[in-house]
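*Asks:* My file is work.cif. It has mmCIF, C-alpha atoms:
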data_run
#
loop_
_atom_site.group_PDB
_atom_site.id
_atom_site.type_symbol
_atom_site.label_atom_id
_atom_site.label_comp_id
_atom_site.auth_asym_id
_atom_site.auth_seq_id
_atom_site.Cartn_x
_atom_site.Cartn_y
_atom_site.Cartn_z
ATOM 1 C CA MET A 1 100.759 97.118 85.244
ATOM 2 C CA VAL A 2 101.508 94.557 82.606
ATOM 3 C CA ALA A 3 103.654 91.711 83.890
ATOM 4 C CA ALA A 4 107.244 91.839 82.647
ATOM 5 C CA ILE A 5 109.058 88.855 81.198
ATOM 6 C CA SER A 6 112.712 87.860 81.043
ATOM 7 C CA HIS A 7 114.941 89.590 78.553
ATOM 8 C CA ASN A 8 117.888 88.231 76.564
ATOM 9 C CA ASN A 9 120.154 91.258 77.066
ATOM 10 C CA GLU A 10 120.134 91.274 80.865
ATOM 11 C CA GLU A 11 123.911 90.951 81.118
ATOM 12 C CA ARG A 12 124.414 94.514 79.885
ATOM 13 C CA TRP A 13 123.179 95.858 83.225
ATOM 14 C CA GLY A 14 125.474 96.236 86.208
ATOM 15 C CA ALA A 15 125.000 94.358 89.431
ATOM 16 C CA PHE A 16 124.439 97.274 91.813
ATOM 17 C CA GLU A 17 122.176 95.675 94.350
ATOM 18 C CA ALA A 18 120.581 97.392 97.309
ATOM 19 C CA GLU A 19 118.761 95.463 99.993
ATOM 20 C CA GLY A 20 115.851 97.825 99.524
ATOM 21 C CA LEU A 21 114.379 101.271 99.842
ATOM 22 C CA GLU A 22 112.542 103.099 102.573
ATOM 23 C CA THR A 23 109.870 105.757 102.129
ATOM 24 C CA ALA A 24 107.625 107.556 104.604
ATOM 25 C CA ARG A 25 105.235 104.612 105.027
ATOM 26 C CA LEU A 26 106.876 101.714 103.206
ATOM 27 C CA ARG A 27 109.863 99.417 103.022
ATOM 28 C CA LEU A 28 110.730 97.963 99.655
ATOM 29 C CA ARG A 29 112.896 94.910 100.304
ATOM 30 C CA LEU A 30 114.050 91.731 98.621
ATOM 31 C CA PHE A 31 111.467 88.952 98.541
ATOM 32 C CA ARG A 32 111.873 86.028 100.953
ATOM 33 C CA ARG A 33 110.525 82.476 101.002
ATOM 34 C CA GLU A 34 108.134 83.324 103.833
ATOM 35 C CA ASP A 35 106.404 85.961 101.668
ATOM 36 C CA LEU A 36 104.609 83.305 99.637
ATOM 37 C CA ASP A 37 101.432 83.059 101.736
ATOM 38 C CA GLU A 38 100.872 86.818 101.833
ATOM 39 C CA LEU A 39 101.638 87.148 98.117
ATOM 40 C CA CYS A 40 99.147 84.341 97.363
ATOM 41 C CA ALA A 41 96.452 86.247 99.257
ATOM 42 C CA ILE A 42 97.040 89.152 96.867
ATOM 43 C CA THR A 43 97.296 87.203 93.596
ATOM 44 C CA ARG A 44 94.202 85.070 94.186
ATOM 45 C CA ASP A 45 91.938 88.155 94.306
ATOM 46 C CA PRO A 46 90.170 88.453 90.923
ATOM 47 C CA GLU A 47 89.786 92.245 91.152
ATOM 48 C CA THR A 48 93.464 92.766 92.005
ATOM 49 C CA MET A 49 94.567 90.580 89.097
ATOM 50 C CA ARG A 50 92.055 91.928 86.575
ATOM 51 C CA PHE A 51 94.658 94.014 84.709
ATOM 52 C CA ILE A 52 97.742 91.838 85.343
ATOM 53 C CA GLY A 53 98.923 89.264 82.786
ATOM 54 C CA ASP A 54 95.940 87.380 81.381
ATOM 55 C CA GLY A 55 93.594 89.028 83.904
ATOM 56 C CA LEU A 56 92.954 85.920 85.993
ATOM 57 C CA PRO A 57 93.770 85.124 89.627
ATOM 58 C CA LEU A 58 96.836 82.950 90.148
ATOM 59 C CA THR A 59 97.035 79.585 91.833
ATOM 60 C CA ARG A 60 99.498 79.061 94.665
ATOM 61 C CA GLU A 61 101.793 77.207 92.254
ATOM 62 C CA GLU A 62 101.695 80.037 89.706
ATOM 63 C CA THR A 63 102.392 82.607 92.419
ATOM 64 C CA GLU A 64 105.321 80.566 93.721
ATOM 65 C CA THR A 65 106.753 80.277 90.200
ATOM 66 C CA ASN A 66 106.418 84.048 89.732
ATOM 67 C CA LEU A 67 107.966 84.743 93.140
ATOM 68 C CA TRP A 68 111.087 82.730 92.349
ATOM 69 C CA SER A 69 111.285 84.291 88.894
ATOM 70 C CA ILE A 70 111.324 87.724 90.565
ATOM 71 C CA VAL A 71 114.048 86.596 92.998
ATOM 72 C CA ARG A 72 116.231 85.061 90.270
ATOM 73 C CA ALA A 73 115.876 88.095 87.987
ATOM 74 C CA PHE A 74 116.883 90.427 90.833
ATOM 75 C CA ARG A 75 119.979 88.334 91.589
ATOM 76 C CA ARG A 76 120.949 88.254 87.897
ATOM 77 C CA ARG A 77 120.518 91.940 87.186
ATOM 78 C CA GLY A 78 121.036 93.609 90.551
ATOM 79 C CA PHE A 79 117.617 95.267 90.348
ATOM 80 C CA GLY A 80 114.012 94.181 90.037
ATOM 81 C CA ARG A 81 110.722 94.111 91.861
ATOM 82 C CA TRP A 82 110.866 94.528 95.609
ATOM 83 C CA ALA A 83 108.382 93.208 98.137
ATOM 84 C CA VAL A 84 106.460 96.219 99.500
ATOM 85 C CA VAL A 85 105.718 96.088 103.224
ATOM 86 C CA LYS A 86 104.081 98.658 105.462
ATOM 87 C CA LYS A 87 106.439 100.090 108.070
ATOM 88 C CA ASP A 88 103.767 100.279 110.760
ATOM 89 C CA ASP A 89 102.844 96.576 110.852
ATOM 90 C CA GLY A 90 105.251 94.776 108.472
ATOM 91 C CA ALA A 91 102.422 93.446 106.287
ATOM 92 C CA LEU A 92 103.295 92.552 102.700
ATOM 93 C CA ILE A 93 100.971 94.571 100.456
ATOM 94 C CA GLY A 94 102.431 93.931 97.002
ATOM 95 C CA TYR A 95 105.502 94.583 94.922
ATOM 96 C CA CYS A 96 107.083 97.495 93.096
ATOM 97 C CA GLY A 97 110.310 98.013 91.211
ATOM 98 C CA LEU A 98 111.965 97.919 87.823
ATOM 99 C CA SER A 99 111.912 95.139 85.257
ATOM 100 C CA LEU A 100 113.796 94.689 82.028
ATOM 101 C CA SER A 101 111.075 94.689 79.393
ATOM 102 C CA LEU A 102 111.003 94.280 75.621
ATOM 103 C CA ASP A 103 113.789 95.909 73.573
ATOM 104 C CA GLU A 104 111.395 98.576 72.337
ATOM 105 C CA VAL A 105 110.335 99.482 75.896
ATOM 106 C CA GLY A 106 113.538 99.052 77.922
ATOM 107 C CA ILE A 107 113.308 99.391 81.704
ATOM 108 C CA GLU A 108 109.736 99.170 82.961
ATOM 109 C CA LEU A 109 108.188 100.238 86.245
ATOM 110 C CA ALA A 110 106.171 97.284 87.553
ATOM 111 C CA TYR A 111 103.851 97.190 90.558
ATOM 112 C CA LEU A 112 101.026 95.227 92.106
ATOM 113 C CA PHE A 113 99.159 96.163 95.289
ATOM 114 C CA ALA A 114 96.552 94.380 97.375
ATOM 115 C CA ARG A 115 93.075 95.787 96.837
ATOM 116 C CA PRO A 116 92.570 96.954 100.463
ATOM 117 C CA GLU A 117 95.577 99.268 99.952
ATOM 118 C CA TRP A 118 94.245 100.979 96.823
ATOM 119 C CA GLY A 119 93.441 104.676 96.982
ATOM 120 C CA LYS A 120 95.947 105.486 99.747
ATOM 121 C CA GLY A 121 98.775 106.806 97.577
ATOM 122 C CA LEU A 122 100.992 103.818 98.369
ATOM 123 C CA ALA A 123 101.553 102.812 94.731
ATOM 124 C CA THR A 124 102.607 106.377 93.932
ATOM 125 C CA GLU A 125 104.937 106.443 96.952
ATOM 126 C CA ALA A 126 106.611 103.152 96.001
ATOM 127 C CA ALA A 127 106.763 104.047 92.299
ATOM 128 C CA THR A 128 108.385 107.411 93.072
ATOM 129 C CA ALA A 129 111.097 105.659 95.095
ATOM 130 C CA SER A 130 111.636 103.077 92.354
ATOM 131 C CA LEU A 131 112.073 105.773 89.711
ATOM 132 C CA ARG A 132 114.541 107.630 91.901
ATOM 133 C CA TYR A 133 116.514 104.437 92.434
ATOM 134 C CA GLY A 134 116.552 103.771 88.689
ATOM 135 C CA PHE A 135 117.726 107.241 87.729
ATOM 136 C CA GLU A 136 120.103 107.996 90.617
ATOM 137 C CA ARG A 137 121.559 104.583 91.440
ATOM 138 C CA LEU A 138 121.254 102.575 88.241
ATOM 139 C CA GLY A 139 121.778 105.531 85.912
ATOM 140 C CA VAL A 140 119.118 104.471 83.425
ATOM 141 C CA ASN A 141 118.140 107.010 80.779
ATOM 142 C CA SER A 142 114.428 106.263 80.588
ATOM 143 C CA ILE A 143 111.801 104.275 82.470
ATOM 144 C CA ALA A 144 108.550 103.097 80.899
ATOM 145 C CA GLY A 145 105.164 102.180 82.253
ATOM 146 C CA LEU A 146 102.809 99.813 80.436
ATOM 147 C CA THR A 147 99.212 99.317 81.483
ATOM 148 C CA ARG A 148 95.948 98.329 79.904
ATOM 149 C CA HIS A 149 94.034 101.303 78.522
ATOM 150 C CA GLU A 150 91.069 100.692 80.827
ATOM 151 C CA ASN A 151 93.216 100.506 83.989
ATOM 152 C CA LEU A 152 92.569 104.093 85.004
ATOM 153 C CA ARG A 153 94.031 103.713 88.515
ATOM 154 C CA SER A 154 97.348 102.568 87.107
ATOM 155 C CA ARG A 155 97.351 105.295 84.484
ATOM 156 C CA ARG A 156 96.857 107.897 87.226
ATOM 157 C CA VAL A 157 99.836 106.481 89.158
ATOM 158 C CA LEU A 158 102.034 106.729 86.065
ATOM 159 C CA GLU A 159 100.927 110.303 85.481
ATOM 160 C CA ARG A 160 101.444 111.260 89.154
ATOM 161 C CA VAL A 161 105.066 110.112 89.027
ATOM 162 C CA GLY A 162 105.672 112.301 85.984
ATOM 163 C CA MET A 163 105.352 109.839 83.133
ATOM 164 C CA LYS A 164 103.917 111.030 79.836
ATOM 165 C CA TYR A 165 101.690 109.035 77.531
ATOM 166 C CA LEU A 166 103.592 108.023 74.400
ATOM 167 C CA ARG A 167 101.178 105.924 72.417
ATOM 168 C CA ALA A 168 99.008 102.842 72.284
ATOM 169 C CA GLY A 169 100.763 99.586 71.533
ATOM 170 C CA ARG A 170 100.532 95.838 71.788
ATOM 171 C CA PHE A 171 102.915 94.331 74.343
ATOM 172 C CA TYR A 172 102.961 90.732 75.620
ATOM 173 C CA GLY A 173 99.909 90.159 73.425
ATOM 174 C CA ILE A 174 97.903 92.858 75.265
ATOM 175 C CA SER A 175 96.716 96.244 74.027
ATOM 176 C CA CYS A 176 98.425 98.785 76.301
ATOM 177 C CA ALA A 177 98.935 102.452 76.996
ATOM 178 C CA TRP A 178 102.683 103.159 76.895
ATOM 179 C CA TYR A 179 104.029 105.831 79.234
ATOM 180 C CA ALA A 180 107.629 106.892 79.869
ATOM 181 C CA ILE A 181 109.833 109.418 81.611
ATOM 182 C CA SER A 182 113.448 110.274 80.822
ATOM 183 C CA ARG A 183 116.139 111.019 83.360
ATOM 184 C CA ALA A 184 116.349 114.547 81.897
ATOM 185 C CA ASP A 185 112.632 115.132 82.549
ATOM 186 C CA TRP A 186 112.492 113.485 85.975
ATOM 187 C CA GLN A 187 112.505 115.787 88.981
ATOM 188 C CA PRO A 188 113.133 114.304 92.444
ATOM 189 C CA ASP A 189 110.764 115.568 95.095
ATOM 190 C CA ASN A 190 111.392 116.047 98.811
ATOM 191 C CA SER A 191 109.637 112.847 99.888
ATOM 192 C CA ILE A 192 111.345 110.511 102.367
ATOM 193 C CA TYR A 193 113.678 108.174 100.497
ATOM 194 C CA ARG A 194 116.542 106.049 101.750
ATOM 195 C CA VAL A 195 118.530 103.246 100.087
ATOM 196 C CA ILE A 196 119.082 100.310 102.445
ATOM 197 C CA HIS A 197 122.326 98.344 102.019
#
Would you mind giving the structure from this file in structure tokens?

*Replies:*
Amino acid sequence: MVAAISHNNEERWGAFEAEGLETARLRLRLFRREDLDELCAITRDPETMRFIGDGLPLTREETETNLWSIVRAFRRRGFGRWAVVKKDDGALIGYCGLSLSLDEVGIELAYLFARPEWGKGLATEAATASLRYGFERLGVNSIAGLTRHENLRSRRVLERVGMKYLRAGRFYGISCAWYAISRADWQPDNSIYRVIH
């Protein structure tokens, strides 16, 4: 996914804040200070970061700055990117959630997963829960997904969660494939999903 940036119209969103979500294999929870080391292990991997931001691994300082930006944005808006941890061992494997994107795009699904977790359906599981939270709890009308054209794994995740390709565009200075799904077109499935308060 393309990294989201802050938005000037954040105050128009309500402050409904859940502690997190639970799926069959995952817990999506608020980030904590002690997540920094595990998040750094993810963001310093060149292959993991190849399609994120400028495509380069992050230093510890850059990761820490991003972590606190995620935390502050969540507190301001009442929604954002959750830390994704595996229920079986509690390991942090990435993040997933909703970000407030550019005016043209609106609410954006954003995710990042550690490379050893790729190909297991975990991104799809977390993204499905995030969409459900956005439509059922936040009441948003549409959720977008932006990814680089060549990021085929990410494009497959967006398609699996029901998003449709809209068009090519340039966002954050990067040529992207723009996907979206409306609340009217979204269909909840019977997967395990629980909001944690």

*Asks:* Neighbouring residues of region 87-89 of chain A were defined as those with any atom within 8 Å, considering only C-alpha atoms; residues of the same chain fewer than 2 positions away were excluded. Please report them as a PyMOL selection string.

*Replies:* chain A and resi 25-27+85+91

*Asks:* Expand the PyMOL selection byres ((chain A and resi 131-139) around 9) into the explicit residue set it covers here, and present it as a compact mmCIF listing (two decimals) with C-alpha atoms, keeping the file's coordinate frame.

*Replies:*
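See expr_32.txt below for the written result:
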# COMPACT_ATOMS: atom_id res chain seq x y z
CA TRP A 13 123.18 95.86 83.22
CA GLY A 14 125.47 96.24 86.21
CA PHE A 16 124.44 97.27 91.81
CA LEU A 21 114.38 101.27 99.84
CA PHE A 79 117.62 95.27 90.35
CA GLY A 97 110.31 98.01 91.21
CA LEU A 98 111.96 97.92 87.82
CA ILE A 107 113.31 99.39 81.70
CA LEU A 109 108.19 100.24 86.24
CA ALA A 126 106.61 103.15 96.00
CA ALA A 127 106.76 104.05 92.30
CA THR A 128 108.38 107.41 93.07
CA ALA A 129 111.10 105.66 95.10
CA SER A 130 111.64 103.08 92.35
CA VAL A 140 119.12 104.47 83.42
CA ASN A 141 118.14 107.01 80.78
CA SER A 142 114.43 106.26 80.59
CA ILE A 143 111.80 104.28 82.47
CA VAL A 161 105.07 110.11 89.03
CA SER A 182 113.45 110.27 80.82
CA ARG A 183 116.14 111.02 83.36
CA TRP A 186 112.49 113.48 85.98
CA GLN A 187 112.50 115.79 88.98
CA PRO A 188 113.13 114.30 92.44
CA TYR A 193 113.68 108.17 100.50
CA VAL A 195 118.53 103.25 100.09

*Asks:* Could you check which of A:Leu92, A:Ile70, A:Ala83, A:Leu39 is closest to Pro57 (chain A), using all atoms listed in the file?

*Replies:*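 Checking each of A:Leu92, A:Ile70, A:Ala83, A:Leu39 against Pro57 (chain A), counting all atoms listed in the file, the winner is A:Leu39.
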
*Asks:* Got a sec to resolve the PyMOL selection byres ((chain A and resi 154-159) around 10) on this structure and send the residues as a PDB file with C-alpha atoms, in the frame of the given file?

*Replies:*
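The resulting file, part-v2.pdb, is shown below:
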ATOM      1  CA  MET A   1     100.759  97.118  85.244  1.00  0.00           C
ATOM      2  CA  PHE A  51      94.658  94.014  84.709  1.00  0.00           C
ATOM      3  CA  LEU A 109     108.188 100.238  86.245  1.00  0.00           C
ATOM      4  CA  TYR A 111     103.851  97.190  90.558  1.00  0.00           C
ATOM      5  CA  LEU A 112     101.026  95.227  92.106  1.00  0.00           C
ATOM      6  CA  GLY A 121      98.775 106.806  97.577  1.00  0.00           C
ATOM      7  CA  LEU A 122     100.992 103.818  98.369  1.00  0.00           C
ATOM      8  CA  ALA A 123     101.553 102.812  94.731  1.00  0.00           C
ATOM      9  CA  THR A 124     102.607 106.377  93.932  1.00  0.00           C
ATOM     10  CA  GLU A 125     104.937 106.443  96.952  1.00  0.00           C
ATOM     11  CA  ALA A 127     106.763 104.047  92.299  1.00  0.00           C
ATOM     12  CA  THR A 128     108.385 107.411  93.072  1.00  0.00           C
ATOM     13  CA  ALA A 144     108.550 103.097  80.899  1.00  0.00           C
ATOM     14  CA  GLY A 145     105.164 102.180  82.253  1.00  0.00           C
ATOM     15  CA  LEU A 146     102.809  99.813  80.436  1.00  0.00           C
ATOM     16  CA  THR A 147      99.212  99.317  81.483  1.00  0.00           C
ATOM     17  CA  ARG A 148      95.948  98.329  79.904  1.00  0.00           C
ATOM     18  CA  HIS A 149      94.034 101.303  78.522  1.00  0.00           C
ATOM     19  CA  GLU A 150      91.069 100.692  80.827  1.00  0.00           C
ATOM     20  CA  ASN A 151      93.216 100.506  83.989  1.00  0.00           C
ATOM     21  CA  LEU A 152      92.569 104.093  85.004  1.00  0.00           C
ATOM     22  CA  ARG A 153      94.031 103.713  88.515  1.00  0.00           C
ATOM     23  CA  ARG A 160     101.444 111.260  89.154  1.00  0.00           C
ATOM     24  CA  VAL A 161     105.066 110.112  89.027  1.00  0.00           C
ATOM     25  CA  GLY A 162     105.672 112.301  85.984  1.00  0.00           C
ATOM     26  CA  MET A 163     105.352 109.839  83.133  1.00  0.00           C
ATOM     27  CA  LYS A 164     103.917 111.030  79.836  1.00  0.00           C
ATOM     28  CA  TYR A 165     101.690 109.035  77.531  1.00  0.00           C
ATOM     29  CA  ALA A 177      98.935 102.452  76.996  1.00  0.00           C
ATOM     30  CA  TRP A 178     102.683 103.159  76.895  1.00  0.00           C
ATOM     31  CA  TYR A 179     104.029 105.831  79.234  1.00  0.00           C
ATOM     32  CA  ALA A 180     107.629 106.892  79.869  1.00  0.00           C
ATOM     33  CA  ILE A 181     109.833 109.418  81.611  1.00  0.00           C
TER      34      ILE A 181
END

*Asks:* If the PyMOL selection byres ((chain A and resi 197) around 7) were run on this exact file, what residues would it hold? Put them as a ChimeraX atom specification.

*Replies:* /A:18-20,195-196

*Asks:* Add whatever atoms are absent from region 173-190 of chain A to reach N, CA and C atoms, and provide the output as a PDB file, in the frame of the given file.

*Replies:*
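Printed below is out_21.pdb as written:
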ATOM      1  N   GLY A 173     101.192  90.589  73.950  1.00  0.00           N
ATOM      2  CA  GLY A 173      99.909  90.159  73.425  1.00  0.00           C
ATOM      3  C   GLY A 173      98.717  90.934  73.957  1.00  0.00           C
ATOM      4  N   ILE A 174      98.969  92.072  74.629  1.00  0.00           N
ATOM      5  CA  ILE A 174      97.903  92.858  75.265  1.00  0.00           C
ATOM      6  C   ILE A 174      97.952  94.281  74.733  1.00  0.00           C
ATOM      7  N   SER A 175      96.790  94.848  74.458  1.00  0.00           N
ATOM      8  CA  SER A 175      96.716  96.244  74.027  1.00  0.00           C
ATOM      9  C   SER A 175      96.957  97.136  75.238  1.00  0.00           C
ATOM     10  N   CYS A 176      97.979  97.994  75.150  1.00  0.00           N
ATOM     11  CA  CYS A 176      98.425  98.785  76.301  1.00  0.00           C
ATOM     12  C   CYS A 176      98.577 100.258  75.981  1.00  0.00           C
ATOM     13  N   ALA A 177      98.524 101.053  77.047  1.00  0.00           N
ATOM     14  CA  ALA A 177      98.935 102.452  76.996  1.00  0.00           C
ATOM     15  C   ALA A 177     100.396 102.480  77.439  1.00  0.00           C
ATOM     16  N   TRP A 178     101.244 103.109  76.627  1.00  0.00           N
ATOM     17  CA  TRP A 178     102.683 103.159  76.895  1.00  0.00           C
ATOM     18  C   TRP A 178     103.033 104.551  77.394  1.00  0.00           C
ATOM     19  N   TYR A 179     103.568 104.596  78.605  1.00  0.00           N
ATOM     20  CA  TYR A 179     104.029 105.831  79.234  1.00  0.00           C
ATOM     21  C   TYR A 179     105.538 105.746  79.418  1.00  0.00           C
ATOM     22  N   ALA A 180     106.196 106.896  79.587  1.00  0.00           N
ATOM     23  CA  ALA A 180     107.629 106.892  79.869  1.00  0.00           C
ATOM     24  C   ALA A 180     108.050 108.232  80.466  1.00  0.00           C
ATOM     25  N   ILE A 181     109.196 108.204  81.118  1.00  0.00           N
ATOM     26  CA  ILE A 181     109.833 109.418  81.611  1.00  0.00           C
ATOM     27  C   ILE A 181     111.333 109.254  81.435  1.00  0.00           C
ATOM     28  N   SER A 182     111.992 110.316  80.995  1.00  0.00           N
ATOM     29  CA  SER A 182     113.448 110.274  80.822  1.00  0.00           C
ATOM     30  C   SER A 182     114.122 110.819  82.070  1.00  0.00           C
ATOM     31  N   ARG A 183     115.373 110.488  82.223  1.00  0.00           N
ATOM     32  CA  ARG A 183     116.139 111.019  83.360  1.00  0.00           C
ATOM     33  C   ARG A 183     116.202 112.548  83.275  1.00  0.00           C
ATOM     34  N   ALA A 184     116.284 113.092  82.070  1.00  0.00           N
ATOM     35  CA  ALA A 184     116.349 114.547  81.897  1.00  0.00           C
ATOM     36  C   ALA A 184     115.059 115.223  82.354  1.00  0.00           C
ATOM     37  N   ASP A 185     113.923 114.549  82.187  1.00  0.00           N
ATOM     38  CA  ASP A 185     112.632 115.132  82.549  1.00  0.00           C
ATOM     39  C   ASP A 185     112.223 114.847  83.994  1.00  0.00           C
ATOM     40  N   TRP A 186     112.858 113.881  84.616  1.00  0.00           N
ATOM     41  CA  TRP A 186     112.492 113.485  85.975  1.00  0.00           C
ATOM     42  C   TRP A 186     112.990 114.505  86.991  1.00  0.00           C
ATOM     43  N   GLN A 187     112.147 114.850  87.921  1.00  0.00           N
ATOM     44  CA  GLN A 187     112.505 115.787  88.981  1.00  0.00           C
ATOM     45  C   GLN A 187     112.284 115.123  90.332  1.00  0.00           C
ATOM     46  N   PRO A 188     113.348 114.899  91.119  1.00  0.00           N
ATOM     47  CA  PRO A 188     113.133 114.304  92.444  1.00  0.00           C
ATOM     48  C   PRO A 188     112.348 115.272  93.326  1.00  0.00           C
ATOM     49  N   ASP A 189     111.504 114.707  94.176  1.00  0.00           N
ATOM     50  CA  ASP A 189     110.764 115.568  95.095  1.00  0.00           C
ATOM     51  C   ASP A 189     111.422 115.474  96.480  1.00  0.00           C
ATOM     52  N   ASN A 190     110.797 116.042  97.470  1.00  0.00           N
ATOM     53  CA  ASN A 190     111.392 116.047  98.811  1.00  0.00           C
ATOM     54  C   ASN A 190     110.806 114.959  99.703  1.00  0.00           C
TER      55      ASN A 190
END
